[in-house]
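The structure under discussion appears below in the form of structure tokens.
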Amino acid sequence: MAAKVIDGKIFAAGVRAQVGEQVLRLKNEKNIIPGLAVILVGEDAASQVYVRNKHTSTIEVGMNSYEHRLDSNTPEVDLLALIDQLNNDPKVHGILCQLPLPGHLNEELVINSIIPEKDVDGFHISNVGMLATGQKSMVPCTPLGCLMMLRDHLGLLSGLNAVVVGRSNIVGKPMANLLLRDSCTVTIAHSRTKNIESICRNADIVIAAVGQPEMITGDWIGDGATVIDVGINRIPHPEKDGKFKLVGDVHFESVSAKAGAITPVPGGVGPMTIACLLANTLTACCRSNGLEEPEGLTA
Ligand code: GUN
């Protein structure tokens with residue numbers, strides 16, 4: 001039977017609507033408007049698109065958006081001074097510095113200079129450590145989006161076998177920690193893993209986050225498994241000369257013949273990332289004001 005296709009566009013629209021309702025409630029009842037500051041250093045084309053989309057979505061849910069565009073030659077001390085100013089600005093509840101940064105800037109230093117409470121990316125070393133030790137933290141947006149979709153589709157995840165293919169700091173490792181927190185039995189597989197196909201075939205949940213176009217094929221997947229595809233790869237179009245096509249890390253056609261549910265690319269995990277950034281900003285705002293956190297929008 002063909003897999004159910006989990007529509008990330010619809011799911012993300014639902015998350016944004018929930019965030020929007022909570023933002024309105026905060027405004028009406030507490031006179032508080034959540035604010036997100038986004039810093040872009042340089043002119044990287046993809047980053048410019050992401051930052052524009054983040055700005056538009058932030059405004060659409062009724063939050064304040066503060067955009068800071070800096071020259072690609074900006075000295076590190078100037079960037080750190082801006083972050084310090086935003087760390088101390090009570091109107092700003094979330095800070096995101098768009099990556100990658102130009103080569104002369106130390107990404108680790110920059111990320112760790114954002115205070116953990118405003119680190120809506122969940123990349124600060126304190127947030128990483130708190131997630132790993134099961135404490136309340138800011139959680140990276142993409143894994144949070146995957147978790148929301150899994151909980152929605154499967155209900156309780158307790159006891160399920162989950163395989164995360166990919167060990168990045170941004171997706172693979174936090175995803176594994178989130179699944180562990182929901183009492184899954186978690187395996188992290190990667191380029192050196194032996195018998196990777198049979199490990200995946202035994203899984204109830206497969207999260208693909210390796211950055212290899214269509215690497216995971218139907219024969220890797222057990223009957224009825226839930227497959228979440230985090231990959232976004234641009235490959236030459238097989239039928240249209242000179243054109244490109246977006247594909248995931250999962251071979252959609254063969255995997256959807258075996259899986260119980262699958263996220264497509266595009267239109268699966270992608271739209272959830274910005275929705276979860278907004279959810280994280282709302283969470284950060286509630287926490288900083290000593291208010292209850294929005295239900296269903298955190299890990
Ligand atoms: N560049 C690509 N994705 C991301 C992200 O999720 N956060 C930041 N800060 N930069 C990115």
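Chain labels follow the order of the structure tokens: the first chain is A, the next B, and so on; residue numbering restarts at 1 in every chain, and ligands are counted from 1 in their shown order.
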| request: Excluding Glu117 (chain A) and any residue of its chain fewer than 3 positions from it, enumerate the residues within 9 Å of it, using only C-alpha atoms, and give them as JSON, numbers by chain. | output: {"A": [93, 94, 114, 120, 127, 137, 138, 284, 287, 288]}
| field | Selection: 9 Å around region 250-255 of chain A, only C-alpha atoms, excl. self and same-chain fewer than 6 positions, as a list in words | value |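 Counting only C-alpha atoms, the residues come to Ala3, Ala208, Gln212, Pro213, Glu214, Met215, Ile216, Thr217, Gly218, Asp219, Trp220, Ile221, Val227, Ile228, Asp229, Val230, Gly231, Ile262, Thr263, Pro264 and Val265 of chain A.
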File dump, residues just selected, N, CA and C atoms, as a PDB file, in the first residue's frame:
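Listed below is the output, part_36.pdb:
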ATOM      1  N   ALA A   3       2.356   4.809   0.881  1.00  0.00           N
ATOM      2  CA  ALA A   3       2.477   5.511   2.169  1.00  0.00           C
ATOM      3  C   ALA A   3       1.603   6.766   2.202  1.00  0.00           C
ATOM      4  N   ALA A 208      16.108  10.764   7.823  1.00  0.00           N
ATOM      5  CA  ALA A 208      17.220  10.849   6.875  1.00  0.00           C
ATOM      6  C   ALA A 208      17.770  12.271   6.876  1.00  0.00           C
ATOM      7  N   GLN A 212      22.739  13.330   1.097  1.00  0.00           N
ATOM      8  CA  GLN A 212      23.082  12.506  -0.079  1.00  0.00           C
ATOM      9  C   GLN A 212      21.807  12.262  -0.873  1.00  0.00           C
ATOM     10  N   PRO A 213      21.723  12.807  -2.101  1.00  0.00           N
ATOM     11  CA  PRO A 213      20.478  12.692  -2.840  1.00  0.00           C
ATOM     12  C   PRO A 213      19.982  11.253  -3.009  1.00  0.00           C
ATOM     13  N   GLU A 214      18.770  11.017  -2.579  1.00  0.00           N
ATOM     14  CA  GLU A 214      18.031   9.756  -2.795  1.00  0.00           C
ATOM     15  C   GLU A 214      18.815   8.519  -2.364  1.00  0.00           C
ATOM     16  N   MET A 215      19.612   8.658  -1.312  1.00  0.00           N
ATOM     17  CA  MET A 215      20.459   7.553  -0.859  1.00  0.00           C
ATOM     18  C   MET A 215      19.632   6.387  -0.289  1.00  0.00           C
ATOM     19  N   ILE A 216      18.560   6.726   0.403  1.00  0.00           N
ATOM     20  CA  ILE A 216      17.779   5.693   1.094  1.00  0.00           C
ATOM     21  C   ILE A 216      16.668   5.202   0.165  1.00  0.00           C
ATOM     22  N   THR A 217      16.764   3.920  -0.189  1.00  0.00           N
ATOM     23  CA  THR A 217      15.811   3.370  -1.168  1.00  0.00           C
ATOM     24  C   THR A 217      14.845   2.397  -0.474  1.00  0.00           C
ATOM     25  N   GLY A 218      13.829   1.985  -1.219  1.00  0.00           N
ATOM     26  CA  GLY A 218      12.756   1.161  -0.665  1.00  0.00           C
ATOM     27  C   GLY A 218      13.238  -0.100   0.041  1.00  0.00           C
ATOM     28  N   ASP A 219      14.330  -0.701  -0.464  1.00  0.00           N
ATOM     29  CA  ASP A 219      14.792  -1.955   0.154  1.00  0.00           C
ATOM     30  C   ASP A 219      15.470  -1.727   1.514  1.00  0.00           C
ATOM     31  N   TRP A 220      15.632  -0.455   1.919  1.00  0.00           N
ATOM     32  CA  TRP A 220      16.177  -0.146   3.247  1.00  0.00           C
ATOM     33  C   TRP A 220      15.059  -0.037   4.300  1.00  0.00           C
ATOM     34  N   ILE A 221      13.809  -0.067   3.846  1.00  0.00           N
ATOM     35  CA  ILE A 221      12.706   0.348   4.719  1.00  0.00           C
ATOM     36  C   ILE A 221      11.799  -0.827   5.049  1.00  0.00           C
ATOM     37  N   VAL A 227       8.884   7.550   7.668  1.00  0.00           N
ATOM     38  CA  VAL A 227      10.155   8.051   7.121  1.00  0.00           C
ATOM     39  C   VAL A 227      10.097   9.577   7.007  1.00  0.00           C
ATOM     40  N   ILE A 228      11.045  10.219   7.692  1.00  0.00           N
ATOM     41  CA  ILE A 228      11.112  11.688   7.685  1.00  0.00           C
ATOM     42  C   ILE A 228      12.377  12.082   6.920  1.00  0.00           C
ATOM     43  N   ASP A 229      12.197  12.840   5.860  1.00  0.00           N
ATOM     44  CA  ASP A 229      13.314  13.196   4.976  1.00  0.00           C
ATOM     45  C   ASP A 229      13.721  14.654   5.201  1.00  0.00           C
ATOM     46  N   VAL A 230      14.882  14.843   5.816  1.00  0.00           N
ATOM     47  CA  VAL A 230      15.360  16.196   6.129  1.00  0.00           C
ATOM     48  C   VAL A 230      16.200  16.764   4.973  1.00  0.00           C
ATOM     49  N   GLY A 231      16.624  15.901   4.060  1.00  0.00           N
ATOM     50  CA  GLY A 231      17.532  16.339   2.989  1.00  0.00           C
ATOM     51  C   GLY A 231      16.893  17.311   2.013  1.00  0.00           C
ATOM     52  N   ILE A 262       5.447   9.122   4.905  1.00  0.00           N
ATOM     53  CA  ILE A 262       6.693   9.714   4.407  1.00  0.00           C
ATOM     54  C   ILE A 262       6.488  11.221   4.238  1.00  0.00           C
ATOM     55  N   THR A 263       7.558  11.974   4.476  1.00  0.00           N
ATOM     56  CA  THR A 263       7.497  13.420   4.187  1.00  0.00           C
ATOM     57  C   THR A 263       8.124  13.664   2.811  1.00  0.00           C
ATOM     58  N   PRO A 264       7.487  14.468   1.969  1.00  0.00           N
ATOM     59  CA  PRO A 264       8.041  14.728   0.633  1.00  0.00           C
ATOM     60  C   PRO A 264       9.108  15.821   0.662  1.00  0.00           C
ATOM     61  N   VAL A 265       9.859  15.928  -0.412  1.00  0.00           N
ATOM     62  CA  VAL A 265      10.793  17.055  -0.622  1.00  0.00           C
ATOM     63  C   VAL A 265      10.563  17.579  -2.031  1.00  0.00           C
TER      64      VAL A 265
END
| field | DSSP-assigned strand (DSSP E) among region 110-286 of chain A, expressed as an MDAnalysis selection string | value | chainID A and resid 161:165 185:189 205:208 226:229 233:236 244:247 261:262
Just the selected residues (N, CA and C atoms), exported as a short mmCIF file (atom, residue, chain, number, x, y, z; two decimals), in the first residue's frame, please.
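Resulting contents of again19.cif:
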data_model
loop_
_atom_site.label_atom_id
_atom_site.label_comp_id
_atom_site.auth_asym_id
_atom_site.auth_seq_id
_atom_site.Cartn_x
_atom_site.Cartn_y
_atom_site.Cartn_z
N ASN A 161 11.58 1.76 17.64
CA ASN A 161 12.97 1.77 17.14
C ASN A 161 13.13 2.91 16.16
N ALA A 162 14.03 3.84 16.47
CA ALA A 162 14.24 4.99 15.58
C ALA A 162 15.69 4.98 15.10
N VAL A 163 15.87 5.16 13.81
CA VAL A 163 17.22 5.29 13.26
C VAL A 163 17.37 6.69 12.67
N VAL A 164 18.38 7.41 13.14
CA VAL A 164 18.71 8.72 12.59
C VAL A 164 19.91 8.52 11.68
N VAL A 165 19.74 8.79 10.39
CA VAL A 165 20.86 8.62 9.47
C VAL A 165 21.49 10.00 9.28
N THR A 185 14.05 3.78 21.18
CA THR A 185 15.37 3.13 21.15
C THR A 185 16.07 3.71 19.92
N VAL A 186 17.16 4.43 20.14
CA VAL A 186 17.70 5.26 19.07
C VAL A 186 19.06 4.74 18.58
N THR A 187 19.19 4.67 17.27
CA THR A 187 20.48 4.36 16.64
C THR A 187 20.85 5.55 15.76
N ILE A 188 22.08 6.02 15.89
CA ILE A 188 22.58 7.03 14.95
C ILE A 188 23.46 6.30 13.94
N ALA A 189 23.03 6.35 12.67
CA ALA A 189 23.82 5.71 11.61
C ALA A 189 24.49 6.81 10.79
N ILE A 205 10.92 4.09 12.81
CA ILE A 205 11.08 5.48 12.37
C ILE A 205 12.46 5.62 11.72
N VAL A 206 12.51 6.20 10.53
CA VAL A 206 13.80 6.53 9.91
C VAL A 206 13.83 8.02 9.65
N ILE A 207 14.86 8.69 10.18
CA ILE A 207 15.06 10.12 9.91
C ILE A 207 16.29 10.21 9.01
N ALA A 208 16.11 10.76 7.82
CA ALA A 208 17.22 10.85 6.88
C ALA A 208 17.77 12.27 6.88
N THR A 226 7.71 4.84 9.43
CA THR A 226 7.51 6.28 9.21
C THR A 226 8.85 6.89 8.81
N VAL A 227 8.88 7.55 7.67
CA VAL A 227 10.16 8.05 7.12
C VAL A 227 10.10 9.58 7.01
N ILE A 228 11.04 10.22 7.69
CA ILE A 228 11.11 11.69 7.69
C ILE A 228 12.38 12.08 6.92
N ASP A 229 12.20 12.84 5.86
CA ASP A 229 13.31 13.20 4.98
C ASP A 229 13.72 14.65 5.20
N ASN A 233 18.40 18.45 -1.61
CA ASN A 233 19.53 18.37 -2.55
C ASN A 233 19.08 18.84 -3.93
N ARG A 234 19.93 19.65 -4.53
CA ARG A 234 19.64 20.16 -5.88
C ARG A 234 20.43 19.30 -6.86
N ILE A 235 19.69 18.59 -7.73
CA ILE A 235 20.38 17.71 -8.70
C ILE A 235 19.96 18.09 -10.12
N PRO A 236 20.79 17.77 -11.13
CA PRO A 236 20.39 18.04 -12.51
C PRO A 236 19.07 17.32 -12.81
N PHE A 244 17.31 22.14 -12.89
CA PHE A 244 17.60 21.41 -11.66
C PHE A 244 16.31 20.97 -10.98
N LYS A 245 16.46 20.04 -10.07
CA LYS A 245 15.31 19.47 -9.37
C LYS A 245 15.71 19.30 -7.90
N LEU A 246 14.76 19.54 -6.97
CA LEU A 246 15.05 19.31 -5.55
C LEU A 246 14.63 17.90 -5.18
N VAL A 247 15.55 17.19 -4.55
CA VAL A 247 15.20 15.86 -4.02
C VAL A 247 15.72 15.74 -2.59
N ALA A 261 4.25 6.01 6.23
CA ALA A 261 4.12 7.46 6.04
C ALA A 261 5.47 8.03 5.66
N ILE A 262 5.45 9.12 4.91
CA ILE A 262 6.69 9.71 4.41
C ILE A 262 6.49 11.22 4.24
#
| task | Determine the nearest neighbour of ligand 1 from the options A:Asp78, A:Glu21, A:Glu108, A:Glu239, counting only C-alpha atoms and all ligand atoms. | result | A:Glu108
Selection as a compact mmCIF listing (two decimals) with C-alpha atoms, in the first residue's frame: residues within 8 Å of ligand 1 by only C-alpha atoms and all ligand atoms:
# COMPACT_ATOMS: atom_id res chain seq x y z
CA SER A 47 20.96 33.09 3.22
CA TYR A 50 16.08 32.42 4.19
CA LEU A 96 19.39 34.17 15.22
CA CYS A 97 22.66 34.72 13.40
CA GLN A 98 22.28 33.25 9.92
CA LEU A 99 24.94 30.64 9.03
CA PRO A 100 27.28 30.20 7.29
CA ASP A 121 18.37 28.11 17.04
CA PRO A 140 17.01 23.27 17.21
CA CYS A 141 14.15 24.09 14.83
CA THR A 142 14.45 21.32 12.23
CA ILE A 170 22.24 20.81 13.72
CA THR A 273 11.83 24.87 10.23
| query | So what do you get for CA of Lys173 (chain A) versus CA of Phe11 (chain A), distance-wise? | reply |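 These two atoms are separated by 23.6 Å.
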| query | What does the distance between CA of Gly248 (chain A) and CA of Gly211 (chain A) come to in Å, to one decimal place? | reply |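 Calculated distance between CA of Gly248 (chain A) and CA of Gly211 (chain A) is 7.8 Å.
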| task | Find, counting only C-alpha atoms, the residue in A:Leu154, A:Leu109, A:Met175, A:Leu79 that gets nearest to Ala132 (chain A). | result |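 Residue with the minimum atom-to-atom distance to Ala132 (chain A): A:Met175.
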| field | Nearest to Lys4 (chain A), chosen from A:Ala17, A:Val110, A:Ala225, A:Val139, with only C-alpha atoms counted in the distances | value | A:Ala225
| remark: Using only C-alpha atoms, the residue out of A:Ala259, A:Ala46, A:Leu70, A:Ala275 with shortest distance to Ala2 (chain A) is A:Ala259
| Ile33 (chain A) surroundings by only C-alpha atoms, 10 Å radius, close-in-sequence under 2 positions cut, as number ranges by chain | A: 23-28, 30-31, 35-36, 62-64, 91-93, 282, 285
| request: Excluding Ser191 (chain A) and residues on its chain fewer than 6 positions from it, collect all residues at most 10 Å away from it, counting only C-alpha atoms, and give them as number ranges by chain. | output: A: 165-167, 210
| request: Name all residues at most 7 Å from region 65-69 of chain A (count only C-alpha atoms; drop same-chain ones fewer than 4 positions away) and give them as a PyMOL selection string. | output: chain A and resi 35-41+55+58-59
Quick one: write out the picked residues with all heavy atoms as a PDB file, in the first residue's frame?
ATOM      1  N   GLY A  35       9.595  39.414  20.081  1.00  0.00           N
ATOM      2  CA  GLY A  35      10.460  39.998  19.054  1.00  0.00           C
ATOM      3  C   GLY A  35      11.586  39.059  18.672  1.00  0.00           C
ATOM      4  O   GLY A  35      12.207  38.434  19.536  1.00  0.00           O
ATOM      5  N   LEU A  36      11.825  38.938  17.363  1.00  0.00           N
ATOM      6  CA  LEU A  36      12.912  38.090  16.851  1.00  0.00           C
ATOM      7  C   LEU A  36      13.911  38.957  16.088  1.00  0.00           C
ATOM      8  O   LEU A  36      13.519  39.690  15.169  1.00  0.00           O
ATOM      9  CB  LEU A  36      12.341  37.017  15.908  1.00  0.00           C
ATOM     10  CG  LEU A  36      13.365  36.158  15.145  1.00  0.00           C
ATOM     11  CD1 LEU A  36      14.202  35.310  16.106  1.00  0.00           C
ATOM     12  CD2 LEU A  36      12.676  35.254  14.127  1.00  0.00           C
ATOM     13  N   ALA A  37      15.181  38.895  16.481  1.00  0.00           N
ATOM     14  CA  ALA A  37      16.243  39.612  15.759  1.00  0.00           C
ATOM     15  C   ALA A  37      17.025  38.607  14.910  1.00  0.00           C
ATOM     16  O   ALA A  37      17.458  37.572  15.412  1.00  0.00           O
ATOM     17  CB  ALA A  37      17.174  40.294  16.746  1.00  0.00           C
ATOM     18  N   VAL A  38      17.167  38.925  13.634  1.00  0.00           N
ATOM     19  CA  VAL A  38      17.937  38.062  12.726  1.00  0.00           C
ATOM     20  C   VAL A  38      19.115  38.863  12.174  1.00  0.00           C
ATOM     21  O   VAL A  38      18.939  39.991  11.697  1.00  0.00           O
ATOM     22  CB  VAL A  38      17.051  37.534  11.571  1.00  0.00           C
ATOM     23  CG1 VAL A  38      17.890  36.752  10.565  1.00  0.00           C
ATOM     24  CG2 VAL A  38      15.939  36.643  12.116  1.00  0.00           C
ATOM     25  N   ILE A  39      20.295  38.274  12.285  1.00  0.00           N
ATOM     26  CA  ILE A  39      21.509  38.931  11.792  1.00  0.00           C
ATOM     27  C   ILE A  39      21.998  38.204  10.546  1.00  0.00           C
ATOM     28  O   ILE A  39      22.140  36.971  10.557  1.00  0.00           O
ATOM     29  CB  ILE A  39      22.632  38.888  12.862  1.00  0.00           C
ATOM     30  CG1 ILE A  39      22.136  39.493  14.184  1.00  0.00           C
ATOM     31  CG2 ILE A  39      23.883  39.607  12.370  1.00  0.00           C
ATOM     32  CD1 ILE A  39      23.092  39.233  15.361  1.00  0.00           C
ATOM     33  N   LEU A  40      22.230  38.968   9.495  1.00  0.00           N
ATOM     34  CA  LEU A  40      22.819  38.391   8.275  1.00  0.00           C
ATOM     35  C   LEU A  40      24.119  39.143   7.983  1.00  0.00           C
ATOM     36  O   LEU A  40      24.115  40.367   7.823  1.00  0.00           O
ATOM     37  CB  LEU A  40      21.845  38.540   7.097  1.00  0.00           C
ATOM     38  CG  LEU A  40      22.387  38.116   5.726  1.00  0.00           C
ATOM     39  CD1 LEU A  40      22.760  36.644   5.701  1.00  0.00           C
ATOM     40  CD2 LEU A  40      21.362  38.405   4.621  1.00  0.00           C
ATOM     41  N   VAL A  41      25.214  38.396   7.932  1.00  0.00           N
ATOM     42  CA  VAL A  41      26.499  39.008   7.588  1.00  0.00           C
ATOM     43  C   VAL A  41      26.863  38.582   6.162  1.00  0.00           C
ATOM     44  O   VAL A  41      26.983  37.392   5.885  1.00  0.00           O
ATOM     45  CB  VAL A  41      27.620  38.568   8.560  1.00  0.00           C
ATOM     46  CG1 VAL A  41      28.897  39.376   8.293  1.00  0.00           C
ATOM     47  CG2 VAL A  41      27.194  38.714  10.006  1.00  0.00           C
ATOM     48  N   HIS A  55      11.748  36.909   8.024  1.00  0.00           N
ATOM     49  CA  HIS A  55      11.167  38.224   8.321  1.00  0.00           C
ATOM     50  C   HIS A  55       9.666  38.229   8.013  1.00  0.00           C
ATOM     51  O   HIS A  55       8.836  38.606   8.853  1.00  0.00           O
ATOM     52  CB  HIS A  55      11.899  39.301   7.515  1.00  0.00           C
ATOM     53  CG  HIS A  55      11.269  40.645   7.602  1.00  0.00           C
ATOM     54  ND1 HIS A  55      11.392  41.450   8.729  1.00  0.00           N
ATOM     55  CD2 HIS A  55      10.488  41.334   6.726  1.00  0.00           C
ATOM     56  CE1 HIS A  55      10.716  42.571   8.531  1.00  0.00           C
ATOM     57  NE2 HIS A  55      10.159  42.524   7.323  1.00  0.00           N
ATOM     58  N   THR A  58       7.668  36.098  10.434  1.00  0.00           N
ATOM     59  CA  THR A  58       7.633  36.685  11.784  1.00  0.00           C
ATOM     60  C   THR A  58       6.547  37.766  11.857  1.00  0.00           C
ATOM     61  O   THR A  58       5.751  37.799  12.804  1.00  0.00           O
ATOM     62  CB  THR A  58       9.016  37.294  12.134  1.00  0.00           C
ATOM     63  OG1 THR A  58      10.004  36.294  11.946  1.00  0.00           O
ATOM     64  CG2 THR A  58       9.074  37.801  13.561  1.00  0.00           C
ATOM     65  N   ILE A  59       6.517  38.597  10.831  1.00  0.00           N
ATOM     66  CA  ILE A  59       5.512  39.672  10.787  1.00  0.00           C
ATOM     67  C   ILE A  59       4.103  39.065  10.684  1.00  0.00           C
ATOM     68  O   ILE A  59       3.167  39.521  11.348  1.00  0.00           O
ATOM     69  CB  ILE A  59       5.775  40.605   9.567  1.00  0.00           C
ATOM     70  CG1 ILE A  59       7.152  41.273   9.688  1.00  0.00           C
ATOM     71  CG2 ILE A  59       4.666  41.639   9.394  1.00  0.00           C
ATOM     72  CD1 ILE A  59       7.300  42.258  10.812  1.00  0.00           C
TER      73      ILE A  59
END
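Interatomic distance, CA of Pro266 (chain A) to CA of Ile196 (chain A): 25.1 Å.
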